[in-house]
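Shown below: run_38.cif, with mmCIF, C-alpha atoms.
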data_structure
loop_
_atom_site.group_PDB
_atom_site.id
_atom_site.type_symbol
_atom_site.label_atom_id
_atom_site.label_comp_id
_atom_site.auth_asym_id
_atom_site.auth_seq_id
_atom_site.Cartn_x
_atom_site.Cartn_y
_atom_site.Cartn_z
ATOM 1 C CA MET A 1 9.408 -8.436 -13.918
ATOM 2 C CA GLU A 2 8.158 -5.367 -15.738
ATOM 3 C CA VAL A 3 11.650 -4.509 -16.989
ATOM 4 C CA GLY A 4 11.874 -7.853 -18.760
ATOM 5 C CA SER A 5 8.756 -7.131 -20.792
ATOM 6 C CA VAL A 6 9.910 -3.864 -22.385
ATOM 7 C CA ARG A 7 12.455 -3.114 -25.075
ATOM 8 C CA GLN A 8 16.027 -2.556 -23.970
ATOM 9 C CA ALA A 9 15.850 1.159 -24.801
ATOM 10 C CA HIS A 10 13.069 1.655 -22.222
ATOM 11 C CA ARG A 11 14.464 -0.322 -19.304
ATOM 12 C CA LEU A 12 15.975 2.624 -17.455
ATOM 13 C CA THR A 13 12.799 4.615 -17.960
ATOM 14 C CA VAL A 14 10.728 1.823 -16.410
ATOM 15 C CA LEU A 15 13.073 1.559 -13.424
ATOM 16 C CA ALA A 16 13.014 5.328 -12.896
ATOM 17 C CA LYS A 17 9.230 5.349 -13.231
ATOM 18 C CA ASN A 18 8.850 2.676 -10.546
ATOM 19 C CA ILE A 19 11.018 4.606 -8.106
ATOM 20 C CA LEU A 20 9.329 7.926 -8.841
ATOM 21 C CA ASP A 21 5.793 6.558 -8.650
ATOM 22 C CA SER A 22 6.506 5.123 -5.206
ATOM 23 C CA ALA A 23 7.772 8.523 -4.064
ATOM 24 C CA VAL A 24 4.804 10.381 -5.590
ATOM 25 C CA ALA A 25 2.346 7.849 -4.139
ATOM 26 C CA THR A 26 3.803 8.172 -0.655
ATOM 27 C CA ILE A 27 3.671 11.974 -0.765
ATOM 28 C CA ALA A 28 0.134 12.058 -2.220
ATOM 29 C CA PHE A 29 -1.182 9.547 0.330
ATOM 30 C CA ALA A 30 0.438 11.432 3.222
ATOM 31 C CA ALA A 31 -1.048 14.704 1.924
ATOM 32 C CA TYR A 32 -4.500 13.097 1.665
ATOM 33 C CA ASN A 33 -4.268 11.932 5.274
ATOM 34 C CA GLU A 34 -3.116 15.352 6.470
ATOM 35 C CA TRP A 35 -5.996 17.168 4.776
ATOM 36 C CA ASN A 36 -8.673 14.520 5.296
ATOM 37 C CA PRO A 37 -8.422 12.878 8.724
ATOM 38 C CA ASN A 38 -10.134 9.479 8.632
ATOM 39 C CA SER A 39 -10.425 6.305 10.680
ATOM 40 C CA LEU A 40 -7.893 4.552 8.449
ATOM 41 C CA THR A 41 -4.863 6.356 9.883
ATOM 42 C CA TYR A 42 -6.194 8.390 12.805
ATOM 43 C CA GLY A 43 -6.841 7.093 16.304
ATOM 44 C CA LYS A 44 -9.929 7.699 18.417
ATOM 45 C CA ASP A 45 -8.197 10.625 20.109
ATOM 46 C CA GLY A 46 -7.850 12.470 16.775
ATOM 47 C CA TYR A 47 -4.099 12.069 16.381
ATOM 48 C CA SER A 48 -2.417 10.552 13.358
ATOM 49 C CA LEU A 49 -0.985 7.087 13.943
ATOM 50 C CA TYR A 50 2.236 7.226 11.950
ATOM 51 C CA HIS A 51 2.766 3.483 11.881
ATOM 52 C CA LEU A 52 -0.592 3.175 10.060
ATOM 53 C CA VAL A 53 0.315 6.003 7.683
ATOM 54 C CA THR A 54 3.546 4.164 6.833
ATOM 55 C CA LEU A 55 1.772 0.828 6.402
ATOM 56 C CA HIS A 56 -0.983 2.197 4.186
ATOM 57 C CA SER A 57 1.366 4.367 2.146
ATOM 58 C CA ALA A 58 3.362 1.210 1.333
ATOM 59 C CA PHE A 59 0.132 -0.541 0.293
ATOM 60 C CA CYS A 60 -0.808 2.514 -1.749
ATOM 61 C CA ALA A 61 2.571 2.658 -3.498
ATOM 62 C CA THR A 62 2.289 -1.041 -4.344
ATOM 63 C CA SER A 63 -1.167 -0.476 -5.783
ATOM 64 C CA VAL A 64 0.138 2.352 -7.943
ATOM 65 C CA THR A 65 3.080 0.282 -9.202
ATOM 66 C CA ILE A 66 0.689 -2.400 -10.449
ATOM 67 C CA THR A 67 -0.612 0.072 -13.013
ATOM 68 C CA SER A 68 2.855 0.962 -14.272
ATOM 69 C CA GLY A 69 3.160 -2.390 -16.040
ATOM 70 C CA SER A 70 0.015 -1.754 -18.047
ATOM 71 C CA MET A 71 1.345 1.605 -19.194
ATOM 72 C CA ALA A 72 4.963 0.636 -19.912
ATOM 73 C CA GLU A 73 6.207 2.243 -23.155
ATOM 74 C CA ARG A 74 2.801 3.883 -23.664
ATOM 75 C CA THR A 75 2.759 7.042 -21.566
ATOM 76 C CA HIS A 76 4.994 10.018 -20.980
ATOM 77 C CA MET A 77 6.705 10.139 -17.589
ATOM 78 C CA LEU A 78 4.940 13.315 -16.380
ATOM 79 C CA ALA A 79 1.508 12.025 -17.437
ATOM 80 C CA TYR A 80 2.147 8.790 -15.582
ATOM 81 C CA LEU A 81 3.287 10.602 -12.437
ATOM 82 C CA GLY A 82 0.114 12.697 -12.594
ATOM 83 C CA HIS A 83 -1.880 9.463 -12.804
ATOM 84 C CA ALA A 84 0.071 8.098 -9.829
ATOM 85 C CA ALA A 85 -0.732 11.205 -7.772
ATOM 86 C CA VAL A 86 -4.458 10.995 -8.569
ATOM 87 C CA MET A 87 -4.548 7.292 -7.853
ATOM 88 C CA ALA A 88 -2.678 7.628 -4.552
ATOM 89 C CA GLY A 89 -4.491 10.773 -3.449
ATOM 90 C CA ILE A 90 -8.065 9.893 -4.422
ATOM 91 C CA MET A 91 -8.691 6.348 -5.663
ATOM 92 C CA TYR A 92 -6.750 4.185 -3.198
ATOM 93 C CA PRO A 93 -7.715 6.127 -0.024
ATOM 94 C CA THR A 94 -11.397 5.986 -0.994
ATOM 95 C CA VAL A 95 -11.423 2.205 -1.298
ATOM 96 C CA ALA A 96 -9.053 1.589 1.634
ATOM 97 C CA THR A 97 -11.070 3.797 3.991
ATOM 98 C CA SER A 98 -14.265 2.052 2.912
ATOM 99 C CA VAL A 99 -12.828 -1.417 3.535
ATOM 100 C CA TRP A 100 -10.690 -0.945 6.645
ATOM 101 C CA GLY A 101 -12.104 2.261 8.131
ATOM 102 C CA GLN A 102 -15.365 3.218 9.779
ATOM 103 C CA GLU A 103 -16.588 5.501 6.994
ATOM 104 C CA GLY A 104 -16.213 5.965 3.271
ATOM 105 C CA ILE A 105 -18.297 6.127 0.131
ATOM 106 C CA LEU A 106 -18.198 2.357 -0.408
ATOM 107 C CA HIS A 107 -18.364 1.359 3.283
ATOM 108 C CA SER A 108 -21.847 -0.139 2.962
ATOM 109 C CA GLN A 109 -20.637 -2.408 0.144
ATOM 110 C CA PHE A 110 -17.987 -4.030 2.338
ATOM 111 C CA HIS A 111 -19.768 -4.163 5.710
ATOM 112 C CA GLU A 112 -23.100 -5.770 6.586
ATOM 113 C CA ARG A 113 -24.216 -5.975 2.971
ATOM 114 C CA PHE A 114 -25.608 -9.523 3.008
ATOM 115 C CA HIS A 115 -26.416 -10.024 6.675
ATOM 116 C CA ARG A 116 -25.798 -8.402 10.019
ATOM 117 C CA GLY A 117 -22.230 -8.863 11.168
ATOM 118 C CA PHE A 118 -20.880 -9.461 7.654
ATOM 119 C CA ARG A 119 -17.461 -7.900 7.126
ATOM 120 C CA PHE A 120 -14.991 -8.020 4.289
ATOM 121 C CA HIS A 121 -11.885 -9.993 5.324
ATOM 122 C CA ASP A 122 -8.661 -9.116 3.594
ATOM 123 C CA PHE A 123 -5.463 -11.114 3.889
ATOM 124 C CA ALA A 124 -2.454 -8.822 4.367
ATOM 125 C CA GLY A 125 -4.001 -6.033 2.282
ATOM 126 C CA GLY A 126 -3.826 -8.030 -0.940
ATOM 127 C CA GLY A 127 -7.502 -7.614 -1.803
ATOM 128 C CA VAL A 128 -7.607 -3.829 -1.691
ATOM 129 C CA VAL A 129 -4.175 -3.379 -3.251
ATOM 130 C CA HIS A 130 -4.916 -5.644 -6.196
ATOM 131 C CA LEU A 131 -8.515 -4.445 -6.580
ATOM 132 C CA VAL A 132 -7.468 -0.815 -6.956
ATOM 133 C CA GLY A 133 -4.313 -1.509 -8.965
ATOM 134 C CA GLY A 134 -5.944 -4.070 -11.250
ATOM 135 C CA CYS A 135 -9.043 -1.965 -11.967
ATOM 136 C CA ALA A 136 -6.902 1.074 -12.737
ATOM 137 C CA ALA A 137 -4.647 -1.022 -14.996
ATOM 138 C CA LEU A 138 -7.667 -2.412 -16.873
ATOM 139 C CA ALA A 139 -9.055 1.086 -17.295
ATOM 140 C CA GLU A 140 -5.828 2.191 -18.969
#
As a first step, turn the structure in this file into structure tokens.
Amino acid sequence: MEVGSVRQAHRLTVLAKNILDSAVATIAFAAYNEWNPNSLTYGKDGYSLYHLVTLHSAFCATSVTITSGSMAERTHMLAYLGHAAVMAGIMYPTVATSVWGQEGILHSQFHERFHRGFRFHDFAGGGVVHLVGGCAALAE
């Protein structure tokens, strides 16, 4: 969809950017989880649950690709990949841990804010993915 909205000269760049930002996002998210164990991808025994790392890195990569459409034909490839690394290594894990984990900076905003027992319900990760991706795209 994004390729159809850019000039023909930039189509290959957009395709390459989408592949590279998914790779950078996956590496940055995995590095974040290695250096900062959290309840999002670690079990109660302290070991990393690799199926959760894979699931959340796919969500993270999707969130990062949402921003690529807002920056098509406007940013240099290396600057965009730097943005993708920051978004995947800092922004997405902060919100995702707050929503789905047991801790996080924004945890109190998503759990028991209005009354006891209140929890944020997300359908298939779409809320967090589009919240982070959309806010980052609007900020661009």
For this structure, which residues satisfy the selection - the PyMOL selection byres ((chain A and resi 32) around 12) - when it is evaluated on the file as given? I want them as JSON, numbers by chain.
{"A": [25, 26, 27, 28, 29, 30, 31, 33, 34, 35, 36, 37, 38, 40, 41, 53, 56, 57, 60, 85, 86, 87, 88, 89, 90, 91, 92, 93, 94, 97]}
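Closest to Val128 in chain A among A:Tyr50, A:Tyr42, A:Tyr80, A:Phe59 is A:Phe59, based on only C-alpha atoms.
Proximity ranking of A:Ser39, A:Ser98, A:Gln109, A:Thr65 relative to Ala16 in chain A places A:Thr65 first, based on all atoms listed in the file.
Separating CA of Val132 in chain A from CA of Asp21 in chain A is a distance of 15.3 Å.
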Please provide as a list in words all residues within 10 Å of Ser70 in chain A, with the sequence filter that same-chain residues fewer than 4 positions apart are discarded (counting all atoms listed in the file).
Glu2, Thr65, Ile66, Arg74, Thr75, Gly134, Ala136, Ala137, Leu138, Ala139 and Glu140 of chain A
Which residue is closest to Leu20 in chain A? Choose from A:His83, A:Arg116, A:His51, A:Arg7 and count only C-alpha atoms.
A:His83
